[in-house]
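Notes follow once the structure below has been shown.
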Amino acid sequence: MNNSSIELFSATNNEVNINMALAAGLSIGCISFCTIIGNIFVINAIRTDHQLRQRYANRLVSSLAVTDLLVGLTVIPMAAVYQIYGYWIAGEAMCMVYLMADLTLCTTSILHLVAIALDTFFFSSSLTYSEFRKSFKKSLPCCN
């Protein structure tokens, strides 16, 4: 093992370094757990509080929370297994499902952040926010 990287998987004898794999698994598991719980809290807060449901921007935040919840449930655990073993162990079909979920959900999450940033910009600027919001709402099928 060289000093520049930590090897979880040794290609010479095909065995996993148990201590490093355990540390990586626990770390990634904690990240996934916090992602899932945090987004459930956000979704529940917006769903149960009437004032939070009334604001248009919170619909975007709620949609972002659902997307990030799906990332925590699907993408992070599959990526963790791949990182720990050093190769894909679940077969070609699951590899395609993982790649599709990773690309779709992460791109959707980024686009939600862009929409929230644009919404915040137009809300805080002196531009005609109500006209922008009405046309933006009409362009998104999920927000009608």
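Starting from 1 in every chain, residues are counted up; chains themselves are A, B, ... following the order of the structure tokens, and ligands are numbered from 1 as listed.
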Backbone DSSP call of helix (DSSP H, G or I) for segment 2-118 of chain A, listed as a ChimeraX atom specification: /A:18-48,50-54,56-85,92-118
Selection to disk with C-alpha atoms, as a PDB file, in the first residue's frame:
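Output below, filename selection00.pdb:
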```pdb
ATOM      1  CA  ILE A  18     -11.585  -5.635   6.775  1.00  0.00           C
ATOM      2  CA  ASN A  19     -10.681  -2.662   8.972  1.00  0.00           C
ATOM      3  CA  MET A  20     -10.752  -0.168   6.117  1.00  0.00           C
ATOM      4  CA  ALA A  21     -13.916  -1.686   4.657  1.00  0.00           C
ATOM      5  CA  LEU A  22     -15.621  -1.490   8.053  1.00  0.00           C
ATOM      6  CA  ALA A  23     -14.606   2.152   8.514  1.00  0.00           C
ATOM      7  CA  ALA A  24     -15.736   3.055   4.992  1.00  0.00           C
ATOM      8  CA  GLY A  25     -19.004   1.138   5.395  1.00  0.00           C
ATOM      9  CA  LEU A  26     -19.822   2.803   8.713  1.00  0.00           C
ATOM     10  CA  SER A  27     -18.966   6.258   7.381  1.00  0.00           C
ATOM     11  CA  ILE A  28     -21.009   5.877   4.220  1.00  0.00           C
ATOM     12  CA  GLY A  29     -23.816   4.231   6.215  1.00  0.00           C
ATOM     13  CA  CYS A  30     -23.953   7.236   8.554  1.00  0.00           C
ATOM     14  CA  ILE A  31     -24.045   9.609   5.580  1.00  0.00           C
ATOM     15  CA  SER A  32     -26.861   7.616   3.973  1.00  0.00           C
ATOM     16  CA  PHE A  33     -28.803   7.430   7.261  1.00  0.00           C
ATOM     17  CA  CYS A  34     -28.476  11.176   7.870  1.00  0.00           C
ATOM     18  CA  THR A  35     -29.537  11.876   4.276  1.00  0.00           C
ATOM     19  CA  ILE A  36     -32.638   9.719   4.645  1.00  0.00           C
ATOM     20  CA  ILE A  37     -33.665  11.007   8.090  1.00  0.00           C
ATOM     21  CA  GLY A  38     -32.968  14.659   7.275  1.00  0.00           C
ATOM     22  CA  ASN A  39     -35.026  14.579   4.102  1.00  0.00           C
ATOM     23  CA  ILE A  40     -37.873  12.757   5.833  1.00  0.00           C
ATOM     24  CA  PHE A  41     -37.901  15.573   8.417  1.00  0.00           C
ATOM     25  CA  VAL A  42     -38.023  18.225   5.670  1.00  0.00           C
ATOM     26  CA  ILE A  43     -40.838  16.454   3.818  1.00  0.00           C
ATOM     27  CA  ASN A  44     -42.803  15.938   7.032  1.00  0.00           C
ATOM     28  CA  ALA A  45     -42.340  19.555   8.147  1.00  0.00           C
ATOM     29  CA  ILE A  46     -43.614  20.931   4.855  1.00  0.00           C
ATOM     30  CA  ARG A  47     -46.448  18.394   4.733  1.00  0.00           C
ATOM     31  CA  THR A  48     -47.715  19.085   8.251  1.00  0.00           C
ATOM     32  CA  HIS A  50     -49.914  24.837   6.777  1.00  0.00           C
ATOM     33  CA  GLN A  51     -47.789  27.994   6.459  1.00  0.00           C
ATOM     34  CA  LEU A  52     -44.905  26.080   4.901  1.00  0.00           C
ATOM     35  CA  ARG A  53     -47.254  24.451   2.385  1.00  0.00           C
ATOM     36  CA  GLN A  54     -48.555  27.838   1.250  1.00  0.00           C
ATOM     37  CA  TYR A  56     -44.386  28.251  -3.655  1.00  0.00           C
ATOM     38  CA  ALA A  57     -40.642  28.004  -2.939  1.00  0.00           C
ATOM     39  CA  ASN A  58     -41.288  25.296  -0.371  1.00  0.00           C
ATOM     40  CA  ARG A  59     -42.795  23.114  -3.086  1.00  0.00           C
ATOM     41  CA  LEU A  60     -39.404  23.188  -4.756  1.00  0.00           C
ATOM     42  CA  VAL A  61     -37.683  22.420  -1.448  1.00  0.00           C
ATOM     43  CA  SER A  62     -40.073  19.527  -0.832  1.00  0.00           C
ATOM     44  CA  SER A  63     -39.441  18.154  -4.313  1.00  0.00           C
ATOM     45  CA  LEU A  64     -35.681  18.464  -3.732  1.00  0.00           C
ATOM     46  CA  ALA A  65     -36.081  16.580  -0.444  1.00  0.00           C
ATOM     47  CA  VAL A  66     -37.904  13.723  -2.211  1.00  0.00           C
ATOM     48  CA  THR A  67     -35.151  13.519  -4.825  1.00  0.00           C
ATOM     49  CA  ASP A  68     -32.416  13.539  -2.182  1.00  0.00           C
ATOM     50  CA  LEU A  69     -34.321  10.932  -0.172  1.00  0.00           C
ATOM     51  CA  LEU A  70     -34.253   8.664  -3.221  1.00  0.00           C
ATOM     52  CA  VAL A  71     -30.509   9.324  -3.585  1.00  0.00           C
ATOM     53  CA  GLY A  72     -30.017   8.260   0.029  1.00  0.00           C
ATOM     54  CA  LEU A  73     -32.119   5.125  -0.437  1.00  0.00           C
ATOM     55  CA  THR A  74     -30.753   3.935  -3.780  1.00  0.00           C
ATOM     56  CA  VAL A  75     -27.582   5.591  -5.034  1.00  0.00           C
ATOM     57  CA  ILE A  76     -25.513   5.929  -1.858  1.00  0.00           C
ATOM     58  CA  PRO A  77     -25.861   2.279  -0.677  1.00  0.00           C
ATOM     59  CA  MET A  78     -25.025   0.863  -4.112  1.00  0.00           C
ATOM     60  CA  ALA A  79     -22.061   3.228  -4.460  1.00  0.00           C
ATOM     61  CA  ALA A  80     -20.867   2.165  -1.006  1.00  0.00           C
ATOM     62  CA  VAL A  81     -20.793  -1.504  -1.977  1.00  0.00           C
ATOM     63  CA  TYR A  82     -18.875  -0.649  -5.134  1.00  0.00           C
ATOM     64  CA  GLN A  83     -16.362   1.476  -3.214  1.00  0.00           C
ATOM     65  CA  ILE A  84     -15.783  -1.153  -0.528  1.00  0.00           C
ATOM     66  CA  TYR A  85     -15.271  -4.095  -2.872  1.00  0.00           C
ATOM     67  CA  GLU A  92     -25.017  -6.106 -15.241  1.00  0.00           C
ATOM     68  CA  ALA A  93     -28.738  -5.388 -14.791  1.00  0.00           C
ATOM     69  CA  MET A  94     -28.251  -3.820 -11.363  1.00  0.00           C
ATOM     70  CA  CYS A  95     -25.289  -1.879 -12.733  1.00  0.00           C
ATOM     71  CA  MET A  96     -27.589  -0.331 -15.332  1.00  0.00           C
ATOM     72  CA  VAL A  97     -30.216   0.429 -12.673  1.00  0.00           C
ATOM     73  CA  TYR A  98     -27.547   2.043 -10.493  1.00  0.00           C
ATOM     74  CA  LEU A  99     -26.190   4.154 -13.356  1.00  0.00           C
ATOM     75  CA  MET A 100     -29.686   5.234 -14.384  1.00  0.00           C
ATOM     76  CA  ALA A 101     -30.642   6.143 -10.811  1.00  0.00           C
ATOM     77  CA  ASP A 102     -27.348   7.926 -10.180  1.00  0.00           C
ATOM     78  CA  LEU A 103     -27.500  10.053 -13.319  1.00  0.00           C
ATOM     79  CA  THR A 104     -31.222  10.798 -13.109  1.00  0.00           C
ATOM     80  CA  LEU A 105     -31.488  11.550  -9.406  1.00  0.00           C
ATOM     81  CA  CYS A 106     -28.274  13.548  -9.095  1.00  0.00           C
ATOM     82  CA  THR A 107     -29.098  15.613 -12.193  1.00  0.00           C
ATOM     83  CA  THR A 108     -32.619  16.190 -10.888  1.00  0.00           C
ATOM     84  CA  SER A 109     -31.221  17.309  -7.544  1.00  0.00           C
ATOM     85  CA  ILE A 110     -28.904  19.798  -9.233  1.00  0.00           C
ATOM     86  CA  LEU A 111     -31.728  21.152 -11.375  1.00  0.00           C
ATOM     87  CA  HIS A 112     -33.855  21.607  -8.245  1.00  0.00           C
ATOM     88  CA  LEU A 113     -31.065  23.665  -6.714  1.00  0.00           C
ATOM     89  CA  VAL A 114     -30.918  25.804  -9.858  1.00  0.00           C
ATOM     90  CA  ALA A 115     -34.695  26.329  -9.767  1.00  0.00           C
ATOM     91  CA  ILE A 116     -34.559  27.290  -6.084  1.00  0.00           C
ATOM     92  CA  ALA A 117     -31.712  29.721  -6.770  1.00  0.00           C
ATOM     93  CA  LEU A 118     -33.604  31.316  -9.671  1.00  0.00           C
TER      94      LEU A 118
END
```
